[in-house]
Structure formats: C-alpha cells, structure tokens
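Below: one structure, written as structure tokens.
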Amino acid sequence: MTVTAKMVKELREKTGAGMMDCKKALQETDGNIDNAIDYLREKGISKAAKKADRIAAEGSTHVEVDGNTAVLIEVNCETDFVTKNDQFKNLLNELGKHLIKQKPESVEAALQQNLHGDGENLEQYINANIAKIGEKLSLRRFTIFEKTDNDAFGAYIHMGGNIGVVTVLEGTTDENTAKDIAMHVAAVNPRYISRDVVSEEEVEKEREMLKAQALSEGKPEKIVEKMVEGRLGKFFEEICLLEQNFVKDPDQKVKKIVESKGATLKGFVRYQVGEGMEKRADNFAEEVMSQVKK
C-alpha cells in the first residue's frame, strides 16, 4: 500500500518519532497506524519520543581525526553521569567516524544518512541508544575541518569533554604547537582570530562606549580620542586570539608563537557543552526522589 504524507504526519503526531522512522513503520505494517505504533515501540523509537521534550543540556564534545580531515562534535544528554558510560563514549566515536567520512552539510542532513553508508540512519541509531541508555540524546552540532599534508590540526578536549577545540595551522606540521593553541582557546575563549575580522559595526559600538566612559571620567575632550584608541587595543586583546598573551608563555603573543613556526592560523572552533541552551531546573537527586515518592 502507498504510504502518504498525511499518514506519516499522523503517526509522527501520535508517537513523536522521526519522519523516516514513521514512514518505515507504515511500510512494514501496510499502513496500519496502530500496528505502526506497536512497531515503533518494539524498536524503542517511541521510548525515545517520550523523552523528546526533556532537557538535554549536558553531554560531551569529541574530536575525530582521519588524515587531513577532522571533526569536532557535541552530543547532548540529560545528566553528566551518562557521559562516563562506555555506550555513550562509543556513540561519540561512531558518530565522529561517520561524520568525518560522509561529510554532511548539516545536522539535519546527517540524521538522514545511513550510518557508515549502510544500515540504519543516524536518527535511528541515536534513538536505539536512547532506548538502551534511558536518556534523551541528541547530536547538537559539528564542524568539519580540512587541511593539507603541510598543515597541522590541534585537538584539545578539556574536563572530560566539557570543552572541545580544534585549531588549524597552515605552513607547519607541528601538532604540539597547534594543540597548545587549542588549549589556549579552551582557557581564554577568544571570539575572533584577529582584529581584521571584527566587524566595523562592533568596533564602532565599542569605540563610542569607550568615548562615553572617558568623557564621564572628566577627561579633556582633546585627549579622549587618543585614550579611546589605546583602550580599543585592550578590547582587541580580549576578543582576538592572535592579540592575546599566550597562556603557556604570557610574555609572548599568540601571533608570535604562530609566526615562530612559519605558520598561519587558518581557523579555530571552540565548543562548550550546553552553551546557550536551557539548563535543568532540578538536580538529578531531586528527580530520583520525586520518582520514588510517586
């Protein structure tokens, strides 16, 4: 029987399962909605759906490197206990290996790809892990990096995965320096590589604020402009990686460290688990007790 979009929509509304899972369930059950619901339950997918509205802002970052390609990912769960679980760690590894080979353009595209090119898709694979682990899990984001044989990746994972960083140095194969810079990024959290990439709008906004501060301090207007430009230098030091004092050698700027290797910093990405996400209002112990009292 032909599975229509309307049937898939109805099943999704009833179970909360993914579109492709619903379509497959309907195909396997000849379009019978009730049997399709049972099919999803048996596969553990409806169990995953029940957790879909729960908050998953814990989790871990992970870096996978294969030759001249690297990927940085963030996978979320509900509690930090799960991140110590071997099954969760295996999930990170498998997702990393898939992403580095298949190179999808987005999380949405990745979820519809077959794991390692065959078998179940990533959405189904994650749902199967939800059923086994017992918490909501989600692939939140990833970044894929490319380099040449003459370049170096710097990969650093901090606090067991709470922060993950990848840097790319062009013109050197010195992975130790690339990793040191990744460690610096993890610690200092710069927003930009250099002042050249900071938008003029942001610079002008900061300049106006610094000018207002200087005038409010009673500084003569004729010297305010010079003061503002000097303070702008401090502003760039705070937000631009190459302008910052290197954490392992504060007497040198990161720019000098890079230049000493005859290299150029092509880019960096820093993920911190759960940044910008809603956090759980209760703690795990309180949740356990609330379940015991029911």
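Here, A, B, ... name the chains of the structure tokens in the order displayed, residue numbers run from 1 inside each chain, and ligands are numbered from 1 in the same displayed order.
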Would you pick out the contacts of region 251-267 of chain A at 6 Å or less, using only C-alpha atoms, so that residues sharing its chain but fewer than 4 positions from it are not included, and give the list as an mmCIF file with C-alpha atoms, in the first residue's frame?
```
data_model
loop_
_atom_site.group_PDB
_atom_site.id
_atom_site.type_symbol
_atom_site.label_atom_id
_atom_site.label_comp_id
_atom_site.auth_asym_id
_atom_site.auth_seq_id
_atom_site.Cartn_x
_atom_site.Cartn_y
_atom_site.Cartn_z
ATOM 1 C CA THR A 167 42.715 24.631 15.518
ATOM 2 C CA VAL A 168 44.238 24.543 12.032
ATOM 3 C CA LEU A 169 47.777 25.814 11.417
ATOM 4 C CA GLU A 170 48.875 26.249 7.810
ATOM 5 C CA GLY A 171 52.530 26.007 6.819
ATOM 6 C CA THR A 172 53.686 23.752 9.663
ATOM 7 C CA LEU A 242 46.366 36.400 17.830
ATOM 8 C CA GLN A 244 46.274 37.629 23.304
ATOM 9 C CA ASN A 245 49.127 36.761 25.653
ATOM 10 C CA PHE A 246 49.854 33.047 25.228
#
```
Which residues of region 139-236 of chain A come within 12 Å of region 78-95 of chain A, and for each one, what is the closest pair of atoms and their distance in Å to one decimal, counting only C-alpha atoms, sorted by chain and residue number, as JSON lines?
```
{"residue": "A:Leu139", "atom": "CA", "partner": "A:Leu95", "partner_atom": "CA", "distance": 8.6}
{"residue": "A:Arg140", "atom": "CA", "partner": "A:Leu95", "partner_atom": "CA", "distance": 11.6}
{"residue": "A:Arg141", "atom": "CA", "partner": "A:Leu95", "partner_atom": "CA", "distance": 11.3}
{"residue": "A:Phe142", "atom": "CA", "partner": "A:Leu95", "partner_atom": "CA", "distance": 10.1}
{"residue": "A:Met159", "atom": "CA", "partner": "A:Thr83", "partner_atom": "CA", "distance": 11.5}
{"residue": "A:Gly160", "atom": "CA", "partner": "A:Thr83", "partner_atom": "CA", "distance": 8.6}
{"residue": "A:Gly161", "atom": "CA", "partner": "A:Thr83", "partner_atom": "CA", "distance": 8.5}
{"residue": "A:Asn162", "atom": "CA", "partner": "A:Asp80", "partner_atom": "CA", "distance": 9.6}
```
### Message
Could you list, as a ChimeraX atom specification, every residue within 9 Å of Ile144 (chain A), counting only C-alpha atoms and ignoring same-chain residues fewer than 3 positions away?
### Response
/A:69-73,99-100,103
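Among the candidates A:Gly233, A:Pro250, A:Gly67, A:Gly59, the one nearest to Met277 (chain A) when counting only C-alpha atoms is A:Gly59.
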### Query
When DSSP works through the backbone of this structure, what residues of region 44-292 of chain A end up as helix (DSSP H, G or I), shown as a PyMOL selection string?
chain A and resi 45-50+82-84+86-102+107-111+115-117+122-133+159-161+175-188+195-197+200-216+221-239+241-243+254-260+284-292
### Summary
What separates CA of Thr61 (chain A) and CA of Glu74 (chain A) is a distance of 4.4 Å
